[in-house]
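Undergrad: my_file.pdb is the file, holding PDB, C-alpha atoms:
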```pdb
ATOM      1  CA  TYR A   1      14.080 -14.998  25.141
ATOM      2  CA  ILE A   2      12.983 -18.141  23.321
ATOM      3  CA  ALA A   3      12.789 -16.232  20.054
ATOM      4  CA  ILE A   4      16.285 -14.792  20.436
ATOM      5  CA  ILE A   5      17.683 -18.234  21.284
ATOM      6  CA  ASN A   6      15.931 -19.740  18.253
ATOM      7  CA  ILE A   7      17.313 -17.031  15.983
ATOM      8  CA  GLY A   8      20.800 -17.499  17.472
ATOM      9  CA  ILE A   9      20.686 -21.228  16.846
ATOM     10  CA  LEU A  10      19.576 -20.536  13.301
ATOM     11  CA  ALA A  11      22.479 -18.150  12.735
ATOM     12  CA  VAL A  12      25.168 -20.612  13.854
ATOM     13  CA  SER A  13      23.571 -23.809  12.636
ATOM     14  CA  ALA A  14      25.100 -26.060  10.065
ATOM     15  CA  LYS A  15      24.029 -25.573   6.481
ATOM     16  CA  LYS A  16      22.732 -29.126   6.461
ATOM     17  CA  TYR A  17      19.975 -28.306   8.950
ATOM     18  CA  TRP A  18      19.246 -24.763   7.801
ATOM     19  CA  LYS A  19      15.707 -25.248   6.540
ATOM     20  CA  SER A  20      14.420 -27.199   9.531
ATOM     21  CA  LEU A  21      16.005 -24.724  11.943
ATOM     22  CA  PHE A  22      14.672 -21.773   9.985
ATOM     23  CA  TYR A  23      11.159 -23.202   9.910
ATOM     24  CA  SER A  24      11.159 -24.141  13.598
ATOM     25  CA  SER A  25      12.615 -20.754  14.613
ATOM     26  CA  PHE A  26      10.019 -19.022  12.494
ATOM     27  CA  PHE A  27       7.179 -21.025  14.011
ATOM     28  CA  PHE A  28       8.295 -20.827  17.652
ATOM     29  CA  THR A  29       9.223 -17.143  17.474
ATOM     30  CA  TRP A  30       5.838 -16.095  16.120
ATOM     31  CA  ILE A  31       3.955 -18.475  18.438
ATOM     32  CA  SER A  32       5.877 -17.050  21.419
ATOM     33  CA  PHE A  33       5.162 -13.494  20.324
ATOM     34  CA  ALA A  34       1.476 -14.253  19.691
ATOM     35  CA  GLY A  35       1.135 -15.953  23.076
ATOM     36  CA  TRP A  36       2.657 -12.978  24.849
ATOM     37  CA  TYR A  37       0.630 -10.486  22.828
ATOM     38  CA  LEU A  38      -2.684 -12.236  23.392
ATOM     39  CA  SER A  39      -2.173 -12.875  27.102
ATOM     40  CA  ARG A  40      -0.075 -10.019  28.484
ATOM     41  CA  TYR A  41       0.107  -7.108  26.043
ATOM     42  CA  GLN A  42      -1.133  -3.755  27.356
ATOM     43  CA  SER A  43      -0.912  -0.921  24.867
ATOM     44  CA  SER A  44      -0.296   1.701  27.532
ATOM     45  CA  GLN A  45       2.857  -0.055  28.769
ATOM     46  CA  ASP A  46       4.085  -2.356  26.006
ATOM     47  CA  PHE A  47       3.376  -0.507  22.767
ATOM     48  CA  THR A  48       6.937   0.583  21.933
ATOM     49  CA  LEU A  49       8.505  -2.670  23.092
ATOM     50  CA  ALA A  50       6.023  -4.799  21.177
ATOM     51  CA  LEU A  51       6.364  -2.772  17.979
ATOM     52  CA  THR A  52      10.158  -2.918  18.255
ATOM     53  CA  PHE A  53      10.290  -6.697  18.670
ATOM     54  CA  LEU A  54       7.642  -7.196  16.007
ATOM     55  CA  SER A  55       9.754  -5.207  13.560
ATOM     56  CA  ILE A  56      12.979  -6.982  14.520
ATOM     57  CA  PHE A  57      11.456 -10.441  14.080
ATOM     58  CA  PHE A  58       9.930  -9.480  10.748
ATOM     59  CA  VAL A  59      13.183  -8.064   9.383
ATOM     60  CA  ILE A  60      15.265 -10.992  10.626
ATOM     61  CA  PHE A  61      13.053 -13.600   8.997
ATOM     62  CA  TYR A  62      12.535 -11.628   5.791
ATOM     63  CA  ALA A  63      16.242 -10.842   5.385
ATOM     64  CA  THR A  64      17.393 -14.340   6.352
ATOM     65  CA  PHE A  65      15.070 -15.942   3.872
ATOM     66  CA  LEU A  66      15.897 -13.595   1.004
ATOM     67  CA  VAL A  67      19.651 -13.649   1.585
ATOM     68  CA  TYR A  68      19.662 -17.463   1.675
ATOM     69  CA  LYS A  69      17.639 -17.660  -1.545
ATOM     70  CA  LEU A  70      19.759 -15.064  -3.292
ATOM     71  CA  ILE A  71      23.121 -16.508  -2.217
ATOM     72  CA  ASN A  72      22.156 -20.041  -3.212
ATOM     73  CA  HIS A  73      20.339 -18.931  -6.395
ATOM     74  CA  GLU A  74      17.334 -21.072  -5.533
ATOM     75  CA  LEU A  75      13.994 -20.675  -7.218
ATOM     76  CA  LEU A  76      10.972 -19.973  -5.073
ATOM     77  CA  GLY A  77       8.883 -22.963  -4.164
ATOM     78  CA  VAL A  78       5.375 -23.046  -2.741
ATOM     79  CA  GLU A  79       6.672 -23.333   0.842
ATOM     80  CA  ASN A  80       8.950 -20.325   0.249
ATOM     81  CA  VAL A  81       6.065 -18.175  -0.918
ATOM     82  CA  PHE A  82       4.048 -19.386   2.069
ATOM     83  CA  PHE A  83       6.733 -18.285   4.552
ATOM     84  CA  ILE A  84       7.306 -14.877   2.971
ATOM     85  CA  LEU A  85       3.568 -14.167   2.829
ATOM     86  CA  THR A  86       2.985 -15.512   6.336
ATOM     87  CA  ASN A  87       5.825 -13.423   7.766
ATOM     88  CA  SER A  88       4.551 -10.303   5.997
ATOM     89  CA  PHE A  89       0.970 -10.756   7.100
ATOM     90  CA  ILE A  90       1.862 -11.661  10.686
ATOM     91  CA  PHE A  91       3.869  -8.444  10.880
ATOM     92  CA  TYR A  92       1.060  -6.468   9.295
ATOM     93  CA  GLY A  93      -1.664  -8.081  11.425
ATOM     94  CA  PHE A  94       0.021  -7.493  14.756
ATOM     95  CA  GLY A  95       1.165  -4.001  13.735
ATOM     96  CA  TYR A  96      -2.352  -3.102  12.636
ATOM     97  CA  SER A  97      -3.791  -4.453  15.873
ATOM     98  CA  MET A  98      -1.298  -2.507  17.984
ATOM     99  CA  LEU A  99      -1.902   0.771  16.161
ATOM    100  CA  ASP A 100      -5.663   0.302  16.183
ATOM    101  CA  GLY A 101      -5.626  -0.410  19.928
ATOM    102  CA  LYS A 102      -3.427   2.540  20.848
ATOM    103  CA  SER A 103      -5.357   5.677  21.651
ATOM    104  CA  GLY A 104      -4.594   8.441  19.148
ATOM    105  CA  TRP A 105      -2.914   6.104  16.645
ATOM    106  CA  GLU A 106      -6.040   4.842  14.854
ATOM    107  CA  ASN A 107      -5.554   7.331  12.013
ATOM    108  CA  THR A 108      -2.123   5.900  11.177
ATOM    109  CA  LEU A 109      -3.474   2.573   9.912
ATOM    110  CA  GLY A 110      -3.425   3.644   6.263
ATOM    111  CA  LEU A 111       0.071   5.053   6.687
ATOM    112  CA  PHE A 112       1.250   1.785   8.263
ATOM    113  CA  THR A 113      -0.247  -0.145   5.353
ATOM    114  CA  MET A 114       1.482   2.140   2.851
ATOM    115  CA  PHE A 115       4.729   1.686   4.791
ATOM    116  CA  ASN A 116       4.412  -2.063   4.229
ATOM    117  CA  ALA A 117       3.875  -1.511   0.505
ATOM    118  CA  PHE A 118       6.919   0.783   0.259
ATOM    119  CA  LEU A 119       9.043  -1.635   2.274
ATOM    120  CA  HIS A 120       8.326  -4.449  -0.180
ATOM    121  CA  PHE A 121       8.759  -2.028  -3.084
ATOM    122  CA  GLY A 122      12.227  -1.158  -1.796
ATOM    123  CA  ILE A 123      13.177  -4.823  -1.521
ATOM    124  CA  GLY A 124      11.837  -5.492  -5.021
ATOM    125  CA  PHE A 125      13.700  -2.487  -6.385
ATOM    126  CA  LEU A 126      16.994  -3.685  -4.888
ATOM    127  CA  ILE A 127      16.453  -7.190  -6.253
ATOM    128  CA  LYS A 128      15.687  -5.857  -9.733
ATOM    129  CA  GLN A 129      18.334  -3.120  -9.756
ATOM    130  CA  PHE A 130      21.211  -5.334  -8.656
ATOM    131  CA  LYS A 131      19.898  -8.496 -10.349
ATOM    132  CA  LEU A 132      20.082 -10.312  -7.046
ATOM    133  CA  GLY A 133      17.769 -13.170  -7.829
ATOM    134  CA  ASP A 134      15.516 -14.717 -10.365
ATOM    135  CA  LYS A 135      12.383 -12.921 -11.460
ATOM    136  CA  THR A 136      10.092 -15.010  -9.236
ATOM    137  CA  VAL A 137      11.512 -13.332  -6.112
ATOM    138  CA  PHE A 138      10.995  -9.935  -7.717
ATOM    139  CA  TYR A 139       7.433 -10.822  -8.764
ATOM    140  CA  LEU A 140       6.602 -11.956  -5.242
ATOM    141  CA  THR A 141       7.698  -8.588  -3.851
ATOM    142  CA  VAL A 142       5.580  -6.849  -6.521
ATOM    143  CA  ILE A 143       2.569  -8.925  -5.455
ATOM    144  CA  LEU A 144       3.152  -7.849  -1.845
ATOM    145  CA  VAL A 145       3.392  -4.202  -2.892
ATOM    146  CA  LEU A 146       0.121  -4.450  -4.805
ATOM    147  CA  THR A 147      -1.563  -6.307  -1.972
ATOM    148  CA  PHE A 148      -0.686  -3.677   0.604
ATOM    149  CA  LEU A 149      -1.633  -0.865  -1.760
ATOM    150  CA  SER A 150      -4.988  -2.598  -2.270
ATOM    151  CA  ILE A 151      -5.503  -2.823   1.470
ATOM    152  CA  ALA A 152      -4.373   0.749   2.165
ATOM    153  CA  PHE A 153      -6.910   2.364  -0.104
ATOM    154  CA  PRO A 154     -10.092   1.090   1.606
ATOM    155  CA  ILE A 155      -8.596   1.741   5.036
ATOM    156  CA  GLN A 156      -8.354   5.449   4.203
ATOM    157  CA  THR A 157     -11.382   5.840   1.939
ATOM    158  CA  ASP A 158     -14.826   4.397   1.496
ATOM    159  CA  GLY A 159     -17.511   3.635  -1.045
ATOM    160  CA  LYS A 160     -17.126   4.218  -4.750
ATOM    161  CA  TRP A 161     -13.453   5.230  -4.651
ATOM    162  CA  THR A 162     -12.458   1.832  -3.333
ATOM    163  CA  ALA A 163     -14.349   0.041  -6.085
ATOM    164  CA  LEU A 164     -12.829   2.297  -8.760
ATOM    165  CA  PHE A 165      -9.316   1.798  -7.437
ATOM    166  CA  TRP A 166      -9.701  -1.976  -7.293
ATOM    167  CA  THR A 167     -11.103  -2.066 -10.814
ATOM    168  CA  ALA A 168      -8.147  -0.057 -12.143
ATOM    169  CA  GLU A 169      -5.724  -2.271 -10.264
ATOM    170  CA  ALA A 170      -7.313  -5.458 -11.614
ATOM    171  CA  PHE A 171      -7.139  -4.075 -15.149
ATOM    172  CA  ALA A 172      -3.455  -3.111 -14.745
ATOM    173  CA  LEU A 173      -2.570  -6.536 -13.358
ATOM    174  CA  PHE A 174      -4.458  -8.286 -16.144
ATOM    175  CA  TRP A 175      -2.756  -6.180 -18.799
ATOM    176  CA  ILE A 176       0.724  -6.746 -17.330
ATOM    177  CA  GLY A 177       0.043 -10.461 -16.960
ATOM    178  CA  ARG A 178      -1.092 -10.815 -20.567
ATOM    179  CA  THR A 179       1.500  -8.615 -22.252
ATOM    180  CA  LYS A 180       4.485  -9.887 -20.231
ATOM    181  CA  LYS A 181       3.146 -13.461 -20.082
ATOM    182  CA  ILE A 182       3.225 -13.552 -16.278
ATOM    183  CA  GLY A 183       0.456 -15.923 -15.272
ATOM    184  CA  LEU A 184       0.755 -15.009 -11.596
ATOM    185  CA  PHE A 185      -0.227 -11.393 -12.316
ATOM    186  CA  GLU A 186      -3.123 -12.397 -14.512
ATOM    187  CA  ASN A 187      -4.413 -14.817 -11.874
ATOM    188  CA  TYR A 188      -3.974 -12.162  -9.196
ATOM    189  CA  SER A 189      -6.064  -9.774 -11.277
ATOM    190  CA  TYR A 190      -9.039 -12.122 -11.136
TER
END
```
Can you present the structure in this file as structure tokens?
TA:
Amino acid sequence: YIAIINIGILAVSAKKYWKSLFYSSFFFTWISFAGWYLSRYQSSQDFTLALTFLSIFFVIFYATFLVYKLINHELLGVENVFFILTNSFIFYGFGYSMLDGKSGWENTLGLFTMFNAFLHFGIGFLIKQFKLGDKTVFYLTVILVLTFLSIAFPIQTDGKWTALFWTAEAFALFWIGRTKKIGLFENYSY
């Protein structure tokens, strides 16, 4: 209930206080969810409910943040990148934990990771296709796609294939970073 109240306050809040309300809603929602998950979650009873709320919270914060940035044509700052990455990895971490702890769902971990990559790919595609924001927002979504693809591969495979995939990915990132002069990609390749 606290999370829904926080999100409601955020939705009707004055523009003047948007950032502080967004940040506090973000923090208290995820802290509330984590507290419940760590103290009361039982996969046999709460799996569907927990996965539903986890997805709703993730989408609300991701969409709210992106829509605000795109409407106001703001460039991404360090704190913006932090919140997008934190939201994405909280969603992924709890989702991974839920699937891993649910009997019979352990083999879906790679699929869940790929789902995350495709989700961010879709967002990046929409941003690029409709020219919704500056290229930094698009590049951040590309980084998330590549990150989840990098994670998905070792979850499903082992040994030499993982090393070969990561080497190819590092080379591709380095090449894109150098040829397009995108320092973020080149640094990510290292």
Undergrad: Assuming the chain letters and numbering stay as they are in my file, what does the PyMOL selection byres ((chain A and resi 91) around 12) actually select? List them as a ChimeraX atom specification.
TA: /A:30,33-34,50-62,84-90,92-98,112-113,115-116
Undergrad: Can you work out which one of A:Val137, A:Ile182, A:Val142, A:Leu126 has the shortest atom-to-atom distance to Leu66 in chain A, counting all atoms listed in the file?
TA: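 Closest residue, counting all atoms listed in the file: A:Val137.
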Undergrad: A:Ser24, A:Ser150, A:Ser189, A:Thr179: which is nearest Phe165 in chain A, counting only C-alpha atoms?
TA: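 Between A:Ser24, A:Ser150, A:Ser189, A:Thr179, the residue approaching Phe165 in chain A most closely is A:Ser150.
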Undergrad: Report, as AutoDock Vina command-line options, the centre and edge lengths in Å (one decimal) of the axis-aligned box enclosing every listed atom of range 48-55 of chain A, padded by 8 Å on each side.
TA:
```
--center_x 8.2 --center_y -3.3 --center_z 18.3 --size_x 20.3 --size_y 23.8 --size_z 25.5
```
Undergrad: What is the CA of Gly183 in chain A-CA of Thr147 in chain A distance in Å, reported with one decimal?
TA: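 Separation between CA of Gly183 in chain A and CA of Thr147 in chain A: 16.5 Å.
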Undergrad: Could you check the closest approach to Leu111 in chain A for each of A:Ser43, A:Asn72, A:Gln156, A:Thr136 and tell me which residue wins, using only C-alpha atoms?
TA: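 Between A:Ser43, A:Asn72, A:Gln156, A:Thr136, the residue approaching Leu111 in chain A most closely is A:Gln156.
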Undergrad: Enter the distance from CA of Ile127 in chain A to CA of Leu70 in chain A, in Å, rounded to one decimal.
TA: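 One can read the CA of Ile127 in chain A to CA of Leu70 in chain A distance as 9.0 Å.
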Undergrad: Please determine, counting only C-alpha atoms, which residue among A:His120, A:His73, A:Arg40, A:Arg178 has the shortest atom-to-atom distance to Asp134 in chain A.
TA: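 With only C-alpha atoms as the atom set, the closest residue is A:His73.
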Undergrad: Between CA of Trp166 in chain A and CA of Lys181 in chain A, what is the distance in Å, rounded to a tenth?
TA: 21.5 Å
Undergrad: Counting only C-alpha atoms, figure out which residue out of A:Leu146, A:Trp18, A:Leu75, A:Leu119 gets nearest to Ala168 in chain A.
TA: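 Of A:Leu146, A:Trp18, A:Leu75, A:Leu119, the one nearest Ala168 in chain A is A:Leu146, counting only C-alpha atoms.
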Undergrad: I need the output of the PyMOL selection byres ((chain A and resi 155) around 10) for this file as a PyMOL selection string; which residues are they?
TA: chain A and resi 107-111+113+150-154+156-158+162
Undergrad: Any chance you could export the current selection's C-alpha atoms as a PDB file, in the frame of the given file?
TA:
```
ATOM      1  CA  ASN A 107      -5.554   7.331  12.013  1.00  0.00           C
ATOM      2  CA  THR A 108      -2.123   5.900  11.177  1.00  0.00           C
ATOM      3  CA  LEU A 109      -3.474   2.573   9.912  1.00  0.00           C
ATOM      4  CA  GLY A 110      -3.425   3.644   6.263  1.00  0.00           C
ATOM      5  CA  LEU A 111       0.071   5.053   6.687  1.00  0.00           C
ATOM      6  CA  THR A 113      -0.247  -0.145   5.353  1.00  0.00           C
ATOM      7  CA  SER A 150      -4.988  -2.598  -2.270  1.00  0.00           C
ATOM      8  CA  ILE A 151      -5.503  -2.823   1.470  1.00  0.00           C
ATOM      9  CA  ALA A 152      -4.373   0.749   2.165  1.00  0.00           C
ATOM     10  CA  PHE A 153      -6.910   2.364  -0.104  1.00  0.00           C
ATOM     11  CA  PRO A 154     -10.092   1.090   1.606  1.00  0.00           C
ATOM     12  CA  GLN A 156      -8.354   5.449   4.203  1.00  0.00           C
ATOM     13  CA  THR A 157     -11.382   5.840   1.939  1.00  0.00           C
ATOM     14  CA  ASP A 158     -14.826   4.397   1.496  1.00  0.00           C
ATOM     15  CA  THR A 162     -12.458   1.832  -3.333  1.00  0.00           C
TER      16      THR A 162
END
```
Undergrad: Because the input lacks atoms here, generate N, CA and C atoms for range 135-166 of chain A and report them as a JSON list (two decimals), in the frame of the given file.
TA:
```json
[["chain", "number", "residue", "atom", "x", "y", "z"],
["A", 135, "LYS", "N", 13.54, -13.81, -11.39],
["A", 135, "LYS", "CA", 12.38, -12.92, -11.46],
["A", 135, "LYS", "C", 11.23, -13.35, -10.56],
["A", 136, "THR", "N", 11.19, -14.60, -10.12],
["A", 136, "THR", "CA", 10.09, -15.01, -9.24],
["A", 136, "THR", "C", 10.16, -14.30, -7.89],
["A", 137, "VAL", "N", 11.37, -14.06, -7.38],
["A", 137, "VAL", "CA", 11.51, -13.33, -6.11],
["A", 137, "VAL", "C", 11.04, -11.90, -6.30],
["A", 138, "PHE", "N", 11.43, -11.30, -7.41],
["A", 138, "PHE", "CA", 11.00, -9.94, -7.72],
["A", 138, "PHE", "C", 9.47, -9.87, -7.85],
["A", 139, "TYR", "N", 8.88, -10.82, -8.57],
["A", 139, "TYR", "CA", 7.43, -10.82, -8.76],
["A", 139, "TYR", "C", 6.69, -11.00, -7.44],
["A", 140, "LEU", "N", 7.24, -11.79, -6.55],
["A", 140, "LEU", "CA", 6.60, -11.96, -5.24],
["A", 140, "LEU", "C", 6.59, -10.63, -4.49],
["A", 141, "THR", "N", 7.68, -9.89, -4.53],
["A", 141, "THR", "CA", 7.70, -8.59, -3.85],
["A", 141, "THR", "C", 6.71, -7.62, -4.51],
["A", 142, "VAL", "N", 6.56, -7.70, -5.83],
["A", 142, "VAL", "CA", 5.58, -6.85, -6.52],
["A", 142, "VAL", "C", 4.16, -7.21, -6.07],
["A", 143, "ILE", "N", 3.89, -8.48, -5.93],
["A", 143, "ILE", "CA", 2.57, -8.93, -5.46],
["A", 143, "ILE", "C", 2.32, -8.37, -4.05],
["A", 144, "LEU", "N", 3.32, -8.40, -3.19],
["A", 144, "LEU", "CA", 3.15, -7.85, -1.84],
["A", 144, "LEU", "C", 2.90, -6.35, -1.88],
["A", 145, "VAL", "N", 3.62, -5.65, -2.75],
["A", 145, "VAL", "CA", 3.39, -4.20, -2.89],
["A", 145, "VAL", "C", 1.94, -3.95, -3.30],
["A", 146, "LEU", "N", 1.48, -4.65, -4.31],
["A", 146, "LEU", "CA", 0.12, -4.45, -4.80],
["A", 146, "LEU", "C", -0.92, -4.84, -3.76],
["A", 147, "THR", "N", -0.63, -5.88, -3.02],
["A", 147, "THR", "CA", -1.56, -6.31, -1.97],
["A", 147, "THR", "C", -1.71, -5.23, -0.91],
["A", 148, "PHE", "N", -0.60, -4.70, -0.44],
["A", 148, "PHE", "CA", -0.69, -3.68, 0.60],
["A", 148, "PHE", "C", -1.26, -2.36, 0.08],
["A", 149, "LEU", "N", -0.99, -2.04, -1.17],
["A", 149, "LEU", "CA", -1.63, -0.86, -1.76],
["A", 149, "LEU", "C", -3.14, -1.07, -1.84],
["A", 150, "SER", "N", -3.55, -2.29, -2.19],
["A", 150, "SER", "CA", -4.99, -2.60, -2.27],
["A", 150, "SER", "C", -5.66, -2.50, -0.91],
["A", 151, "ILE", "N", -4.94, -2.88, 0.12],
["A", 151, "ILE", "CA", -5.50, -2.82, 1.47],
["A", 151, "ILE", "C", -5.52, -1.38, 1.98],
["A", 152, "ALA", "N", -4.49, -0.62, 1.65],
["A", 152, "ALA", "CA", -4.37, 0.75, 2.16],
["A", 152, "ALA", "C", -5.51, 1.64, 1.69],
["A", 153, "PHE", "N", -5.89, 1.47, 0.46],
["A", 153, "PHE", "CA", -6.91, 2.36, -0.10],
["A", 153, "PHE", "C", -8.24, 2.29, 0.65],
["A", 154, "PRO", "N", -8.82, 1.11, 0.87],
["A", 154, "PRO", "CA", -10.09, 1.09, 1.61],
["A", 154, "PRO", "C", -9.97, 1.46, 3.08],
["A", 155, "ILE", "N", -8.77, 1.33, 3.64],
["A", 155, "ILE", "CA", -8.60, 1.74, 5.04],
["A", 155, "ILE", "C", -8.76, 3.25, 5.16],
["A", 156, "GLN", "N", -8.30, 4.00, 4.15],
["A", 156, "GLN", "CA", -8.35, 5.45, 4.20],
["A", 156, "GLN", "C", -9.59, 6.04, 3.54],
["A", 157, "THR", "N", -10.23, 5.30, 2.66],
["A", 157, "THR", "CA", -11.38, 5.84, 1.94],
["A", 157, "THR", "C", -12.58, 4.92, 2.12],
["A", 158, "ASP", "N", -13.65, 5.26, 1.44],
["A", 158, "ASP", "CA", -14.83, 4.40, 1.50],
["A", 158, "ASP", "C", -15.61, 4.49, 0.19],
["A", 159, "GLY", "N", -16.55, 3.59, 0.04],
["A", 159, "GLY", "CA", -17.51, 3.64, -1.04],
["A", 159, "GLY", "C", -16.95, 3.48, -2.44],
["A", 160, "LYS", "N", -17.41, 4.36, -3.32],
["A", 160, "LYS", "CA", -17.13, 4.22, -4.75],
["A", 160, "LYS", "C", -15.65, 4.33, -5.10],
["A", 161, "TRP", "N", -14.87, 5.07, -4.34],
["A", 161, "TRP", "CA", -13.45, 5.23, -4.65],
["A", 161, "TRP", "C", -12.70, 3.91, -4.49],
["A", 162, "THR", "N", -13.09, 3.14, -3.52],
["A", 162, "THR", "CA", -12.46, 1.83, -3.33],
["A", 162, "THR", "C", -12.74, 0.93, -4.52],
["A", 163, "ALA", "N", -13.98, 0.88, -4.94],
["A", 163, "ALA", "CA", -14.35, 0.04, -6.08],
["A", 163, "ALA", "C", -13.64, 0.49, -7.36],
["A", 164, "LEU", "N", -13.53, 1.79, -7.58],
["A", 164, "LEU", "CA", -12.83, 2.30, -8.76],
["A", 164, "LEU", "C", -11.34, 1.96, -8.72],
["A", 165, "PHE", "N", -10.74, 2.12, -7.58],
["A", 165, "PHE", "CA", -9.32, 1.80, -7.44],
["A", 165, "PHE", "C", -9.07, 0.31, -7.70],
["A", 166, "TRP", "N", -9.89, -0.54, -7.11],
["A", 166, "TRP", "CA", -9.70, -1.98, -7.29],
["A", 166, "TRP", "C", -9.94, -2.40, -8.74]]
```
